[in-house]
$ cat input-v1.cif   # mmCIF, C-alpha atoms (C1' of nucleotides)
data_run
#
loop_
_atom_site.label_atom_id
_atom_site.label_comp_id
_atom_site.auth_asym_id
_atom_site.auth_seq_id
_atom_site.Cartn_x
_atom_site.Cartn_y
_atom_site.Cartn_z
CA MET R 1 -4.83 35.30 3.51
CA ALA R 2 -1.27 35.50 2.22
CA ASN R 3 -0.55 31.89 3.13
CA GLN R 4 -3.42 30.66 0.99
CA GLN R 5 -2.16 32.66 -2.00
CA GLN R 6 1.17 30.93 -1.63
CA LEU R 7 -0.31 27.47 -1.30
CA LEU R 8 -2.35 28.08 -4.45
CA LYS R 9 0.72 29.28 -6.29
CA GLN R 10 2.67 26.19 -5.22
CA ALA R 11 -0.14 23.94 -6.38
CA LEU R 12 -0.34 25.65 -9.77
CA GLN R 13 3.41 25.27 -10.12
CA THR R 14 3.00 21.56 -9.48
CA LEU R 15 0.63 21.39 -12.44
CA LYS R 16 3.13 23.17 -14.66
CA ASP R 17 5.94 20.92 -13.47
CA HIS R 18 3.94 17.96 -14.68
CA HIS R 19 3.09 19.62 -18.01
CA VAL R 20 -0.55 19.72 -17.11
CA ARG R 21 -2.45 22.69 -18.49
CA VAL R 22 -3.61 25.38 -16.13
CA THR R 23 -7.20 25.90 -17.23
CA PRO R 24 -9.69 28.28 -15.59
CA GLN R 25 -11.66 25.29 -14.31
CA ARG R 26 -8.60 23.84 -12.61
CA GLN R 27 -7.64 27.16 -11.09
CA ILE R 28 -11.09 27.80 -9.72
CA ILE R 29 -11.46 24.31 -8.29
CA LEU R 30 -8.03 24.56 -6.71
CA THR R 31 -8.84 27.96 -5.27
CA TYR R 32 -12.01 26.54 -3.78
CA LEU R 33 -10.08 23.72 -2.15
CA VAL R 34 -7.39 26.02 -0.77
CA THR R 35 -9.92 28.39 0.77
CA HIS R 36 -12.43 25.83 2.11
CA HIS R 37 -11.71 23.14 4.62
CA ASN R 38 -15.20 21.61 4.63
CA HIS R 39 -13.88 18.38 3.11
CA PRO R 40 -16.34 18.86 0.25
CA SER R 41 -17.90 16.19 -1.92
CA VAL R 42 -17.88 16.46 -5.70
CA ASP R 43 -21.44 17.68 -5.55
CA THR R 44 -20.61 20.37 -2.99
CA ILE R 45 -17.82 21.70 -5.16
CA PHE R 46 -19.97 21.58 -8.28
CA ASN R 47 -22.79 23.55 -6.67
CA ALA R 48 -20.45 26.06 -5.03
CA LEU R 49 -18.87 26.90 -8.37
CA ALA R 50 -22.11 26.99 -10.37
CA THR R 51 -22.21 30.82 -10.40
CA GLN R 52 -18.55 31.27 -11.32
CA LEU R 53 -18.63 28.61 -14.03
CA PRO R 54 -22.19 28.21 -15.29
CA ASN R 55 -21.18 25.62 -17.88
CA LEU R 56 -19.07 23.54 -15.54
CA SER R 57 -19.54 19.80 -16.01
CA MET R 58 -19.58 17.20 -13.27
CA ALA R 59 -17.11 15.18 -15.32
CA THR R 60 -14.66 18.07 -15.17
CA VAL R 61 -14.89 18.20 -11.40
CA TYR R 62 -14.27 14.45 -11.23
CA ASN R 63 -11.38 14.67 -13.68
CA THR R 64 -9.77 17.60 -11.93
CA LEU R 65 -10.04 16.02 -8.50
CA ASN R 66 -8.58 12.73 -9.73
CA LEU R 67 -5.78 14.69 -11.34
CA LEU R 68 -5.05 16.61 -8.15
CA VAL R 69 -5.10 13.40 -6.12
CA ASP R 70 -2.63 11.81 -8.52
CA LEU R 71 -0.38 14.84 -8.15
CA GLY R 72 -0.60 14.60 -4.36
CA VAL R 73 -2.02 18.11 -4.07
CA VAL R 74 -5.33 16.86 -2.73
CA ILE R 75 -6.29 13.78 -0.75
CA GLU R 76 -9.39 11.62 -0.97
CA LEU R 77 -11.50 10.74 2.08
CA PRO R 78 -14.26 8.17 2.49
CA ASN R 79 -17.78 9.55 2.82
CA ASP R 80 -20.33 7.85 5.05
CA ASN R 81 -22.48 7.12 2.00
CA GLY R 82 -19.74 5.27 0.20
CA GLY R 83 -18.94 8.38 -1.83
CA LEU R 84 -15.77 10.42 -1.63
CA ARG R 85 -14.79 13.77 -0.19
CA TYR R 86 -11.68 15.85 -0.81
CA ASP R 87 -9.17 17.89 1.14
CA PHE R 88 -6.36 20.18 0.06
CA TYR R 89 -3.22 18.76 1.60
CA GLY R 90 -1.30 21.86 2.65
CA ARG R 91 0.10 20.59 5.96
CA PRO R 92 0.47 17.00 7.13
CA HIS R 93 -2.59 15.90 9.07
CA TYR R 94 -5.08 13.06 9.38
CA HIS R 95 -8.83 12.89 9.95
CA VAL R 96 -11.46 11.85 12.46
CA ILE R 97 -14.77 10.91 10.87
CA CYS R 98 -18.06 10.90 12.77
CA GLU R 99 -19.86 7.61 12.25
CA ASN R 100 -23.21 9.22 12.97
CA CYS R 101 -23.29 12.49 11.01
CA GLY R 102 -20.35 12.00 8.66
CA LYS R 103 -18.52 15.14 9.75
CA ILE R 104 -14.78 15.13 9.10
CA THR R 105 -12.38 16.94 11.39
CA ASP R 106 -8.65 17.56 10.91
CA VAL R 107 -6.09 16.35 13.45
CA PHE R 108 -2.72 18.06 13.40
CA ALA R 109 -0.30 16.05 15.52
CA PRO R 110 3.31 17.18 15.72
CA ASP R 111 4.63 13.64 15.47
CA PHE R 112 2.32 12.57 12.63
CA PRO R 113 4.97 12.93 9.90
CA GLN R 114 7.21 10.65 11.92
CA ILE R 115 4.43 8.09 12.38
CA GLU R 116 3.79 8.18 8.64
CA ARG R 117 7.44 7.55 7.93
CA GLN R 118 7.48 4.66 10.39
CA LEU R 119 4.39 3.03 8.87
CA ASN R 120 5.82 3.41 5.37
CA GLN R 121 9.20 2.08 6.41
CA GLU R 122 7.82 -0.98 8.15
CA ALA R 123 5.57 -1.72 5.19
CA ALA R 124 8.47 -1.39 2.74
CA ASP R 125 10.77 -3.57 4.86
CA GLN R 126 8.25 -6.33 5.33
CA THR R 127 6.68 -6.49 1.89
CA GLY R 128 9.16 -5.04 -0.61
CA TYR R 129 6.58 -2.55 -1.90
CA LEU R 130 7.78 0.79 -3.24
CA ILE R 131 5.72 3.08 -1.03
CA THR R 132 4.14 6.21 -2.46
CA SER R 133 1.54 7.37 0.02
CA ASN R 134 -0.67 6.40 2.93
CA HIS R 135 -4.08 6.99 4.45
CA VAL R 136 -4.82 7.35 8.13
CA GLU R 137 -8.36 7.82 9.38
CA VAL R 138 -9.86 7.55 12.83
CA TYR R 139 -13.57 6.87 13.39
CA GLY R 140 -15.81 7.84 16.24
CA LEU R 141 -18.62 10.10 17.41
CA CYS R 142 -18.27 13.87 17.28
CA PRO R 143 -19.09 15.87 20.44
CA GLU R 144 -22.43 17.08 19.00
CA CYS R 145 -23.61 13.56 18.18
CA GLN R 146 -22.51 12.30 21.59
CA GLN R 147 -24.89 14.83 23.12
CA LYS R 148 -27.65 14.21 20.61
CA LEU R 149 -27.52 10.47 21.23
CA HIS R 150 -27.03 10.82 25.00
CA ILE R 151 -23.98 8.61 24.84
CA ASP R 152 -22.31 7.77 28.11
CA PRO R 153 -18.59 7.96 27.28
CA LYS R 154 -18.03 4.83 29.37
CA ARG R 155 -20.11 2.56 27.17
CA GLN R 156 -19.94 2.36 23.40
CA ASN R 157 -22.52 -0.01 22.03
CA TRP R 158 -24.20 1.73 19.14
CA THR R 159 -23.91 0.92 15.49
CA SER R 160 -24.85 2.29 12.10
CA ASN R 161 -25.67 1.25 8.49
CA GLY R 162 -26.63 -2.25 7.44
CA GLN R 163 -29.99 -3.37 6.10
CA LYS R 164 -31.43 -3.96 9.55
CA PRO R 165 -30.58 -2.42 12.89
CA LEU R 166 -28.15 -4.39 14.93
CA SER R 167 -30.15 -4.89 18.09
CA MET I 1 -5.64 -25.43 12.05
CA ALA I 2 -6.58 -25.30 15.73
CA ASN I 3 -6.07 -21.57 15.93
CA GLN I 4 -8.59 -20.95 13.17
CA GLN I 5 -11.18 -23.07 14.97
CA GLN I 6 -10.72 -20.91 18.01
CA LEU I 7 -10.93 -17.64 16.08
CA LEU I 8 -14.16 -18.83 14.47
CA LYS I 9 -15.57 -19.82 17.84
CA GLN I 10 -14.69 -16.43 19.30
CA ALA I 11 -16.35 -14.67 16.38
CA LEU I 12 -19.53 -16.73 16.73
CA GLN I 13 -19.58 -15.93 20.42
CA THR I 14 -19.39 -12.23 19.52
CA LEU I 15 -22.55 -12.67 17.45
CA LYS I 16 -24.32 -14.34 20.38
CA ASP I 17 -23.13 -11.65 22.76
CA HIS I 18 -24.85 -9.10 20.56
CA HIS I 19 -28.05 -11.18 20.29
CA VAL I 20 -27.50 -11.66 16.59
CA ARG I 21 -28.73 -14.94 15.19
CA VAL I 22 -26.17 -17.51 14.13
CA THR I 23 -27.50 -18.57 10.74
CA PRO I 24 -25.84 -21.09 8.40
CA GLN I 25 -25.09 -18.26 5.98
CA ARG I 26 -23.29 -16.26 8.65
CA GLN I 27 -21.32 -19.27 9.85
CA ILE I 28 -20.20 -20.19 6.36
CA ILE I 29 -19.23 -16.65 5.43
CA LEU I 30 -17.31 -16.29 8.69
CA THR I 31 -15.57 -19.61 8.12
CA TYR I 32 -14.54 -18.46 4.68
CA LEU I 33 -13.08 -15.26 6.10
CA VAL I 34 -11.20 -17.06 8.88
CA THR I 35 -9.62 -19.55 6.48
CA HIS I 36 -8.82 -17.20 3.58
CA HIS I 37 -6.57 -14.19 3.71
CA ASN I 38 -7.06 -13.14 0.09
CA HIS I 39 -8.80 -9.94 1.17
CA PRO I 40 -11.81 -11.02 -0.91
CA SER I 41 -14.41 -8.80 -2.53
CA VAL I 42 -18.12 -9.45 -2.10
CA ASP I 43 -18.15 -11.09 -5.49
CA THR I 44 -15.22 -13.36 -4.63
CA ILE I 45 -16.96 -14.56 -1.49
CA PHE I 46 -20.26 -15.04 -3.28
CA ASN I 47 -18.69 -17.17 -6.01
CA ALA I 48 -16.58 -19.18 -3.59
CA LEU I 49 -19.65 -20.17 -1.59
CA ALA I 50 -21.91 -20.85 -4.56
CA THR I 51 -21.52 -24.62 -4.24
CA GLN I 52 -22.06 -24.72 -0.47
CA LEU I 53 -25.05 -22.37 -0.55
CA PRO I 54 -26.66 -22.56 -3.99
CA ASN I 55 -29.43 -20.14 -3.02
CA LEU I 56 -27.17 -17.59 -1.40
CA SER I 57 -28.10 -14.04 -2.26
CA MET I 58 -25.71 -11.18 -2.89
CA ALA I 59 -27.73 -9.10 -0.46
CA THR I 60 -27.00 -11.63 2.27
CA VAL I 61 -23.29 -11.39 1.66
CA TYR I 62 -23.52 -7.61 1.82
CA ASN I 63 -25.65 -7.72 4.96
CA THR I 64 -23.40 -10.22 6.70
CA LEU I 65 -20.23 -8.34 5.90
CA ASN I 66 -21.70 -5.04 7.09
CA LEU I 67 -22.80 -6.78 10.26
CA LEU I 68 -19.36 -8.25 10.87
CA VAL I 69 -17.73 -4.89 10.23
CA ASP I 70 -20.08 -3.27 12.74
CA LEU I 71 -19.13 -5.93 15.27
CA GLY I 72 -15.44 -5.32 14.63
CA VAL I 73 -14.87 -8.93 13.60
CA VAL I 74 -13.99 -7.96 10.05
CA ILE I 75 -12.47 -4.85 8.54
CA GLU I 76 -13.22 -3.13 5.25
CA LEU I 77 -10.51 -2.20 2.76
CA PRO I 78 -10.67 0.03 -0.31
CA ASN I 79 -10.49 -1.73 -3.66
CA ASP I 80 -8.71 -0.14 -6.62
CA ASN I 81 -12.01 0.01 -8.50
CA GLY I 82 -13.76 1.97 -5.79
CA GLY I 83 -15.31 -1.21 -4.43
CA LEU I 84 -14.59 -2.83 -1.09
CA ARG I 85 -12.68 -5.85 0.10
CA TYR I 86 -12.76 -7.57 3.47
CA ASP I 87 -10.37 -9.06 5.98
CA PHE I 88 -10.92 -11.08 9.14
CA TYR I 89 -9.27 -9.12 11.91
CA GLY I 90 -7.66 -11.79 14.05
CA ARG I 91 -4.43 -9.97 14.94
CA PRO I 92 -3.70 -6.24 14.74
CA HIS I 93 -2.20 -5.32 11.40
CA TYR I 94 -2.47 -2.81 8.57
CA HIS I 95 -2.26 -3.07 4.79
CA VAL I 96 -0.16 -2.07 1.81
CA ILE I 97 -2.13 -1.78 -1.41
CA CYS I 98 -0.55 -1.97 -4.86
CA GLU I 99 -1.66 0.98 -6.98
CA ASN I 100 -1.05 -0.96 -10.16
CA CYS I 101 -2.57 -4.42 -9.66
CA GLY I 102 -4.69 -3.82 -6.55
CA LYS I 103 -3.05 -6.56 -4.50
CA ILE I 104 -3.35 -6.13 -0.74
CA THR I 105 -0.62 -7.35 1.62
CA ASP I 106 -0.69 -7.53 5.41
CA VAL I 107 1.87 -5.70 7.54
CA PHE I 108 2.35 -6.97 11.08
CA ALA I 109 4.39 -4.41 12.99
CA PRO I 110 5.08 -5.04 16.68
CA ASP I 111 4.49 -1.40 17.59
CA PHE I 112 1.35 -0.99 15.48
CA PRO I 113 -1.07 -1.32 18.43
CA GLN I 114 0.84 1.47 20.17
CA ILE I 115 0.71 3.68 17.06
CA GLU I 116 -3.03 3.07 16.83
CA ARG I 117 -3.48 4.09 20.44
CA GLN I 118 -1.43 7.21 19.87
CA LEU I 119 -3.43 8.22 16.79
CA ASN I 120 -6.69 7.63 18.62
CA GLN I 121 -5.53 9.50 21.70
CA GLU I 122 -4.34 12.56 19.78
CA ALA I 123 -7.56 12.64 17.80
CA ALA I 124 -9.67 12.40 20.96
CA ASP I 125 -7.67 15.08 22.76
CA GLN I 126 -7.78 17.53 19.88
CA THR I 127 -11.35 17.05 18.68
CA GLY I 128 -13.40 15.66 21.57
CA TYR I 129 -14.57 12.75 19.44
CA LEU I 130 -15.37 9.44 21.15
CA ILE I 131 -13.05 7.18 19.16
CA THR I 132 -14.19 3.70 18.12
CA SER I 133 -11.82 2.53 15.40
CA ASN I 134 -9.29 3.57 12.80
CA HIS I 135 -8.02 2.74 9.35
CA VAL I 136 -4.41 2.73 8.28
CA GLU I 137 -3.42 1.95 4.72
CA VAL I 138 -0.19 2.42 2.83
CA TYR I 139 -0.06 2.66 -0.97
CA GLY I 140 2.69 1.73 -3.36
CA LEU I 141 3.87 -0.71 -5.99
CA CYS I 142 4.27 -4.40 -5.19
CA PRO I 143 7.56 -6.11 -6.09
CA GLU I 144 6.00 -7.88 -9.08
CA CYS I 145 4.64 -4.68 -10.58
CA GLN I 146 7.95 -2.90 -10.01
CA GLN I 147 9.58 -5.52 -12.21
CA LYS I 148 6.77 -5.57 -14.75
CA LEU I 149 6.91 -1.80 -15.15
CA HIS I 150 10.72 -1.63 -15.01
CA ILE I 151 10.55 0.92 -12.25
CA ASP I 152 13.81 2.38 -11.05
CA PRO I 153 13.33 2.60 -7.27
CA LYS I 154 15.02 6.02 -7.35
CA ARG I 155 12.37 7.70 -9.49
CA GLN I 156 8.64 7.50 -8.94
CA ASN I 157 6.70 9.33 -11.61
CA TRP I 158 3.90 7.06 -12.71
CA THR I 159 0.22 7.46 -12.11
CA SER I 160 -3.03 5.61 -12.50
CA ASN I 161 -6.76 6.14 -13.03
CA GLY I 162 -8.31 9.38 -14.24
CA GLN I 163 -10.07 9.95 -17.54
CA LYS I 164 -6.87 10.77 -19.36
CA PRO I 165 -3.28 9.69 -18.70
CA LEU I 166 -1.29 12.20 -16.73
CA SER I 167 1.63 12.80 -19.11
"C1'" DC H 1 -41.08 -31.02 21.85
"C1'" DT H 2 -44.07 -27.55 19.70
"C1'" DT H 3 -45.42 -22.84 18.91
"C1'" DC H 4 -44.59 -18.30 17.79
"C1'" DT H 5 -42.40 -14.21 16.17
"C1'" DA H 6 -38.83 -10.97 15.44
"C1'" DG H 7 -35.09 -11.32 12.84
"C1'" DT H 8 -33.18 -13.08 8.44
"C1'" DT H 9 -32.85 -14.51 3.65
"C1'" DT H 10 -33.96 -14.29 -1.13
"C1'" DA H 11 -34.61 -12.38 -5.77
"C1'" DG H 12 -34.75 -8.78 -8.39
"C1'" DA H 13 -35.69 -3.96 -9.09
"C1'" DA H 14 -33.98 0.54 -8.13
"C1'" DC H 15 -30.55 3.76 -6.93
"C1'" DG H 16 -26.71 6.84 -7.38
"C1'" DG H 17 -21.93 7.89 -7.61
"C1'" DT H 18 -18.43 7.43 -11.02
"C1'" DT H 19 -16.63 6.61 -15.57
"C1'" DA H 20 -16.89 6.42 -20.67
"C1'" DT H 21 -17.91 8.65 -24.99
"C1'" DT H 22 -17.49 11.95 -28.50
"C1'" DA H 23 -17.68 16.36 -30.46
"C1'" DA H 24 -16.42 21.08 -29.55
"C1'" DC H 25 -13.09 23.88 -27.55
"C1'" DT H 26 -8.57 26.02 -26.01
"C1'" DG H 27 -3.88 26.57 -23.37
"C1'" DC H 28 0.45 26.45 -24.76
"C1'" DT H 29 4.50 25.80 -27.58
"C1'" DA H 30 7.00 26.90 -31.57
"C1'" DT S 1 -0.40 33.60 -34.61
"C1'" DA S 2 -1.29 29.02 -36.03
"C1'" DG S 3 -2.09 24.43 -34.91
"C1'" DC S 4 -2.62 20.55 -32.16
"C1'" DA S 5 -2.47 17.77 -28.08
"C1'" DG S 6 -4.78 18.17 -24.18
"C1'" DT S 7 -9.16 19.54 -22.00
"C1'" DT S 8 -14.08 20.35 -21.35
"C1'" DA S 9 -19.14 19.64 -21.72
"C1'" DA S 10 -23.23 16.97 -21.99
"C1'" DT S 11 -25.09 12.84 -21.55
"C1'" DA S 12 -25.29 7.90 -21.75
"C1'" DA S 13 -23.68 3.81 -19.67
"C1'" DC S 14 -21.86 1.18 -15.98
"C1'" DC S 15 -21.79 -1.36 -11.87
"C1'" DG S 16 -21.38 -1.92 -6.93
"C1'" DT S 17 -24.57 -1.40 -3.33
"C1'" DT S 18 -29.02 -0.81 -1.16
"C1'" DC S 19 -34.02 -1.30 -1.07
"C1'" DT S 20 -38.36 -3.90 -1.13
"C1'" DA S 21 -41.60 -7.32 -0.07
"C1'" DA S 22 -42.67 -11.92 0.52
"C1'" DA S 23 -41.06 -16.36 2.28
"C1'" DC S 24 -38.45 -18.48 5.70
"C1'" DT S 25 -36.25 -19.74 10.30
"C1'" DA S 26 -33.26 -19.51 14.75
"C1'" DG S 27 -34.09 -19.49 19.12
"C1'" DA S 28 -36.95 -18.01 23.14
"C1'" DA S 29 -41.06 -19.25 25.65
"C1'" DG S 30 -44.31 -22.51 27.31
#
$ encode --input "input-v1.cif" --output "structure tokens"
Amino acid sequence: MANQQQLLKQALQTLKDHHVRVTPQRQIILTYLVTHHNHPSVDTIFNALATQLPNLSMATVYNTLNLLVDLGVVIELPNDNGGLRYDFYGRPHYHVICENCGKITDVFAPDFPQIERQLNQEAADQTGYLITSNHVEVYGLCPECQQKLHIDPKRQNWTSNGQKPLS
Amino acid sequence: MANQQQLLKQALQTLKDHHVRVTPQRQIILTYLVTHHNHPSVDTIFNALATQLPNLSMATVYNTLNLLVDLGVVIELPNDNGGLRYDFYGRPHYHVICENCGKITDVFAPDFPQIERQLNQEAADQTGYLITSNHVEVYGLCPECQQKLHIDPKRQNWTSNGQKPLS
DNA sequence: CTTCTAGTTTAGAACGGTTATTAACTGCTA
DNA sequence: TAGCAGTTAATAACCGTTCTAAACTAGAAG
């Protein structure tokens, strides 16, 4: 897809702009993120690239992802197991996360950039912080899990995690 | 403060409504959360209650907090070290988090409930999820750290974390 | 008020995702 | 093309969180 090529090129340029070296590992990880929107975990990325880079180290994946997050090229999402998952941030969007199966789905809302600006502005005005970024996530049950759990959309009295079940 | 008494009472009633036992540990942890808005970590809470409950176990603090989060009485916030911090959710608000010192500050915006509804609605419409909650966080530099780091509000080219500094 | 039991707490071991360490390696600039 | 600052690999260490099993108890039932 031509668009993906361009997004990759932009991202690589961002690295150069910050005087960060463009290594094969970084290129391949970036390419993976541009071409996959599975919101992968570190482990998923590591395993997916095992054939292309047989000597790839976990630490390199962690380092590269942290680097890309710092550069704003990639964003970090909470995993249901307390771990993290990643997403190439090509177009402004936020995420819905299923509390039962952990699936993450993108939400592209036309007015989201404006909402972001409003949240940032109000935060800056009230607190004096110099705002750099924000996170928006919505939680719920995906359609599949609603079926699986026979949830009546009227009621919503389930729960998850915790040492003991809630009731 | 009379208002705090009432918030505590409401929270305890929520436990009863869900047939969850009101134990001394749960009451004391809840009281701590109602009366402190430090956005404490598990460790902070544990240490603060050490004198009141000498035999308190870490696991109990974890269990209680997870329970309260499930009940919607308390919300979970990301810590700068990858850990978690907690906040009693008495009135709708979101948070600004300092990327340098980790401080968390509340933002009470009059239109925040409406923004939440809008985010939830758009997510539900687009994805078919049954929405239960959401998280909104803004990141930046607190006023103190801006001074400490001599940041010119015009530029914003610092970074944090990662195995190696960025440049 | 007493009994009973499912739910809760405790203490500590275990787990697992992330970071730190250090030696070998290599993009990139001059 | 040489040289080095930045990067990677492999693995050990770290530490926040969860698990386990035995002791305990809040609250329902009689």
$ atom_distance --input "input-v1.cif" --atom1 "CA of Pro92 in chain I" --atom2 "CA of His36 in chain I"
16.5 Å
$ closest_residue --input "input-v1.cif" --among "I:Thr14, I:Ser133, I:Asn55, I:Asn38" --to "chain H" --atoms "all atoms listed in the file"
I:Asn55
$ resolve_selection --input "input-v1.cif" --expression "the PyMOL selection byres ((chain S and resi 10) around 9)" --output "list in words"
Ser57 of chain R; DA9 and DT11 of chain S
$ interface_residues --input "input-v1.cif" --of "chain R" --to "chain S" --cutoff "10 Å" --atoms "only C-alpha atoms (C1' of nucleotides)" --output "ChimeraX atom specification"
/R:20-23,25,55-60,63,82,162-163
$ resolve_selection --input "input-v1.cif" --expression "the PyMOL selection byres ((chain R and resi 41) around 9)" --output "list in words"
Asn38, His39, Pro40, Val42, Asp43, Thr44, Ile45, Phe46, Asn79, Gly83, Leu84, Arg85 and Tyr86 of chain R
$ closest_residue --input "input-v1.cif" --among "I:Pro24, I:Gly128, I:Gln5, I:Asn120" --to "DT8 in chain H" --atoms "only C-alpha atoms (C1' of nucleotides)"
I:Pro24
$ atom_distance --input "input-v1.cif" --atom1 "C1' of DA13 in chain H" --atom2 "CA of Leu33 in chain I"
29.5 Å
$ atom_distance --input "input-v1.cif" --atom1 "CA of Ala123 in chain I" --atom2 "CA of Tyr94 in chain R"
8.8 Å
$ resolve_selection --input "input-v1.cif" --expression "the PyMOL selection byres ((chain H) within 8 of (chain I))" --output "list in words"
DG7, DT9, DT10, DA11 and DT19 of chain H
$ interface_residues --input "input-v1.cif" --of "chain R" --to "chain I" --cutoff "6 Å" --atoms "only C-alpha atoms" --output "ChimeraX atom specification"
/R:66,107,123,128-143,162
$ write_last_selection --input "input-v1.cif" --atoms "C-alpha atoms" --output "short mmCIF file (atom, residue, chain, number, x, y, z; two decimals), keeping the file's coordinate frame"
data_model
loop_
_atom_site.label_atom_id
_atom_site.label_comp_id
_atom_site.auth_asym_id
_atom_site.auth_seq_id
_atom_site.Cartn_x
_atom_site.Cartn_y
_atom_site.Cartn_z
CA ASN R 66 -8.58 12.73 -9.73
CA VAL R 107 -6.09 16.35 13.45
CA ALA R 123 5.57 -1.72 5.19
CA GLY R 128 9.16 -5.04 -0.61
CA TYR R 129 6.58 -2.55 -1.90
CA LEU R 130 7.78 0.79 -3.24
CA ILE R 131 5.72 3.08 -1.03
CA THR R 132 4.14 6.21 -2.46
CA SER R 133 1.54 7.37 0.02
CA ASN R 134 -0.67 6.40 2.93
CA HIS R 135 -4.08 6.99 4.45
CA VAL R 136 -4.82 7.35 8.13
CA GLU R 137 -8.36 7.82 9.38
CA VAL R 138 -9.86 7.55 12.83
CA TYR R 139 -13.57 6.87 13.39
CA GLY R 140 -15.81 7.84 16.24
CA LEU R 141 -18.62 10.10 17.41
CA CYS R 142 -18.27 13.87 17.28
CA PRO R 143 -19.09 15.87 20.44
CA GLY R 162 -26.63 -2.25 7.44
#
$ axis_aligned_box --input "input-v1.cif" --around "range 136-142 of chain R" --padding-each-side "6 Å" --output "lines of an AutoDock Vina configuration file"
center_x = -11.7
center_y = 10.4
center_z = 12.8
size_x = 25.8
size_y = 19.0
size_z = 21.3
$ decode --input "input-v1.cif" --residues "chain S" --atoms "C-alpha atoms (C1' of nucleotides)" --output "compact mmCIF listing (two decimals), in the first residue's frame"
# COMPACT_ATOMS: atom_id res chain seq x y z
C1' DT S 1 37.82 4.64 4.88
C1' DA S 2 38.68 5.14 9.65
C1' DG S 3 37.01 5.74 14.11
C1' DC S 4 33.83 6.39 17.61
C1' DA S 5 29.46 7.37 19.72
C1' DG S 6 25.55 5.05 19.55
C1' DT S 7 23.37 0.47 19.27
C1' DT S 8 22.63 -4.47 19.87
C1' DA S 9 22.73 -9.09 22.08
C1' DA S 10 22.53 -12.20 25.85
C1' DT S 11 21.56 -12.76 30.26
C1' DA S 12 21.19 -11.48 35.02
C1' DA S 13 18.72 -8.73 38.17
C1' DC S 14 14.83 -6.20 39.70
C1' DC S 15 10.46 -5.37 41.59
C1' DG S 16 5.51 -4.80 41.41
C1' DT S 17 1.87 -7.99 41.42
C1' DT S 18 -0.39 -12.41 41.91
C1' DC S 19 -0.72 -17.04 43.84
C1' DT S 20 -1.12 -20.42 47.59
C1' DA S 21 -2.69 -22.50 51.65
C1' DA S 22 -3.84 -22.15 56.26
C1' DA S 23 -6.02 -19.30 59.78
C1' DC S 24 -9.56 -16.17 60.62
C1' DT S 25 -14.18 -13.68 60.61
C1' DA S 26 -18.47 -10.89 58.98
C1' DG S 27 -22.84 -11.67 58.69
C1' DA S 28 -26.77 -14.83 57.64
C1' DA S 29 -29.56 -18.38 59.72
C1' DG S 30 -31.69 -20.52 63.57
